[in-house]
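One structure is given below, encoded as structure tokens.
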Amino acid sequence: QVQLVESGGGLVQPGGSLRLSCAASGSIFSFNPMGWYRQAPGKQRELVATITSGGSTNYAASVKGRFTISRDNAKRTVYLQMNSLKPEDTAVYYCSASATIYMRTDYWGQGTQVTVSS
């Protein structure tokens, strides 16, 4: 049984920062690629950032240069550092993990709300 538990969301002013965490339990190991996705009201879920077992990263154009994804394999945790937040970053952020060595979205967390507003 795989569980992904996100934390760290909240309300922040434009220009502020937040750090999201996703703790994995069950059959998720260091070789499983993981990622962050987000879904704003009335919009489809979209990719934010992904990270491979080797630490290679990929970002959506809208967050490149502002967000940083990282992972601590010993803790089986993936992070999303979000800086220079904008109102358009407001969404529910979901953690995802692959069941294989390939980048897939086999497992999802419950999501954490991020609201950027003054």
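Every chain in the structure tokens takes a letter, A first, then B, and so on in the order presented; its residues are numbered from 1, and the ligands are numbered from 1 following the presented order.
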Inset, instruction - Extract, using only C-alpha atoms, all DNA, RNA and protein residues at most 10 Å from A:Gly111, discarding same-chain residues fewer than 4 positions from it, and format them as a list in words. - result: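 Result of the neighbour search: Leu4, Val5, Glu6, Ser7, Gly9, Cys22, Trp36, Tyr37, Arg38, Gln39, Ala91, Val92, Tyr93, Tyr94, Cys95 and Ser96 of chain A.
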Legend entry - Contacts of A:Gln3 at 7 Å (only C-alpha atoms; same-chain gap of 2+ positions) as a PyMOL selection string: chain A and resi 1+5+24-26+109
I need the residues from that last selection saved to file as a compact mmCIF listing (two decimals), in the first residue's frame (with all heavy atoms), if you can.
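Printed below is part.txt as written:
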```txt
# COMPACT_ATOMS: atom_id res chain seq x y z
N GLN A 1 0.84 -1.18 0.00
CA GLN A 1 0.00 0.00 0.00
C GLN A 1 0.89 1.24 0.00
O GLN A 1 1.71 1.42 0.89
CB GLN A 1 -0.90 0.01 1.24
CG GLN A 1 -1.90 1.14 1.28
CD GLN A 1 -3.09 0.88 0.38
OE1 GLN A 1 -3.23 -0.22 -0.15
NE2 GLN A 1 -3.92 1.88 0.19
N VAL A 5 1.71 11.72 1.45
CA VAL A 5 1.08 12.71 2.32
C VAL A 5 1.77 14.05 2.13
O VAL A 5 2.96 14.20 2.45
CB VAL A 5 1.15 12.28 3.79
CG1 VAL A 5 0.49 13.34 4.68
CG2 VAL A 5 0.47 10.92 3.99
N ALA A 24 6.47 9.78 1.47
CA ALA A 24 6.00 8.53 0.87
C ALA A 24 6.18 7.37 1.83
O ALA A 24 7.17 7.30 2.56
CB ALA A 24 6.75 8.25 -0.42
N SER A 25 5.22 6.47 1.83
CA SER A 25 5.34 5.24 2.59
C SER A 25 4.87 4.09 1.72
O SER A 25 4.16 4.29 0.73
CB SER A 25 4.52 5.32 3.88
OG SER A 25 3.15 5.50 3.59
N GLY A 26 5.24 2.88 2.10
CA GLY A 26 4.90 1.73 1.28
C GLY A 26 6.00 1.47 0.26
O GLY A 26 7.16 1.74 0.51
N GLY A 109 -1.17 11.88 -3.88
CA GLY A 109 -1.51 12.29 -2.54
C GLY A 109 -2.88 12.95 -2.52
O GLY A 109 -3.55 13.07 -3.55
```
Inset, instruction - Can you pull out every residue within 10 Å of A:Lys64, counting only C-alpha atoms, but drop anything in the same chain fewer than 4 positions away, and send it as a PyMOL selection string? - result: chain A and resi 48-49+58-60+68
Legend entry - 7 Å contact set for A:Arg19, only C-alpha atoms, chain neighbours under 4 positions out, as number ranges by chain: A: 8, 79-82
Inset, instruction - Between atom CA of A:Ser17 and atom CA of A:Ser117, measure the distance and give it in Å to one decimal. - result: 12.1 Å
Legend entry - Counting only C-alpha atoms, the option among A:Val2, A:Met34, A:Leu47, A:Val114 closest to A:Thr90: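 Nearest candidate to A:Thr90 out of A:Val2, A:Met34, A:Leu47, A:Val114: A:Val114.
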Legend entry - Atom-to-atom span, atom CA of A:Ser70 and atom CA of A:Ile51, Å: 7.0 Å
Legend entry - Polymer residues at most 6 Å from A:Leu85, only C-alpha atoms, same-chain spacing of 5 or more positions, as an NGL selection string: :A and (14-16)
Legend entry - Who sits within 8 Å of A:Asp106, only C-alpha atoms, same chain under 6 positions skipped, as a count of residues only: 4
Inset, instruction - Write out as a list in words which residues come within 10 Å of A:Phe31 when counting only C-alpha atoms, dropping same-chain ones fewer than 4 positions away. - result: Thr52, Ser53, Gly54, Gly55, Asn73, Ser98, Ala99, Thr100, Ile101 and Tyr102 of chain A
